[in-house]
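Enquirer: Can you keep this structure in mind? I'll have questions shortly.
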Amino acid sequence: METTLILFKPDALHRGLVGRVLSRFESKGLQIVAMRMLRMTDEIAARHYAEHVDKPFYPGLVAFMTSSPILALALRGPEAIAVARKLMGKTFGLEAEAGTIRGDFGCSKSFNLVHGSDSAASAERELGIYFPDGLQDWETIQHPWLWDAE
Ligand code: IDP
Ligand code: MG
């Protein structure tokens with residue numbers, strides 16, 4: 001079982017797409033084990049996007065991500081990190097496949113609605129940024145119908 005860090009970016013909130021996007025993750029069988037609304041600061045951005053600080057798009061990315069509140073979620077399930085990235089689709093809306101979140105709801109390079117951890121190491125690091133006090137471990141009644149026993 002894996003847990004991944006998902007962010008609903010400012011465009012998802014401004015455009016009123018939180019419910020529809022969250023519904024895709026939930027319908028797939030990913031379980032919410034933490035959720036928080038916050039304003040990303042320059043400091044959080046520098047930690048979260050440490051790998052991108054020297055990229056040309058970094059200043060614009062930070063301006064976007066700090067412009068209004070975001071939602072941070074921890075989602076759990078079998079291979080949750082890769083599963084969430086598949087549901088999200090490729091980074092740029094124009095390139096993302098139809099049927100994915102980014103493919104269905106956007107056509108921008110920067111405003112792409114969601115962030116999802118890209119590896120187990122990233123997930124652990126990123127979950128620590130937003131949920132330093134830990135996650136909610138709980139069992140839903142759906143588990144036996146969603147997840148294989150092994
Ligand atoms: P990812 O979100 O699919 O993992 P990354 O390459 O890690 O994509 O980039 C992080 C975020 O930075 C993207 O989701 C997007 O918001 C922004 N970004 C990446 N490349 C560009 C670009 O070329 N122009 C503008 N924004 C970009
Ligand atoms: Mg990334």
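Chain labels run A, B, ... following the order of the structure tokens; each chain numbers its residues from 1, and ligands are numbered from 1 in the order shown.
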Ligand 1: which residues are within 10 Å, counting only C-alpha atoms and all ligand atoms, as a PyMOL selection string?

Expert: chain A and resi 7+9+48-49+51-52+55-62+64-65+85+88-93+96+102+108-118

Enquirer: Would you give me, as a PyMOL selection string, the residues in chain A that DSSP reads as helix (DSSP H, G or I)?

Expert: chain A and resi 10-14+18-28+42-48+50-52+58-65+80-88+101-105+120-130+143-146

Enquirer: Fewer than 4 positions away in the same chain doesn't count, so skip those; otherwise give me all residues within 12 Å of Ser27 in chain A, counting only C-alpha atoms, as a PyMOL selection string.

Expert: chain A and resi 19-23+31-32+77+84+87+142+146

Enquirer: Could you tell me which of A:Pro144, A:Asp11, A:Leu5, A:Ala149 comes closest to ligand 2 if we count only C-alpha atoms and all ligand atoms?

Expert: A:Leu5

Enquirer: How many Å separate CA of Ala50 in chain A from CA of Arg125 in chain A?

Expert: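 Separation between CA of Ala50 in chain A and CA of Arg125 in chain A: 11.0 Å.
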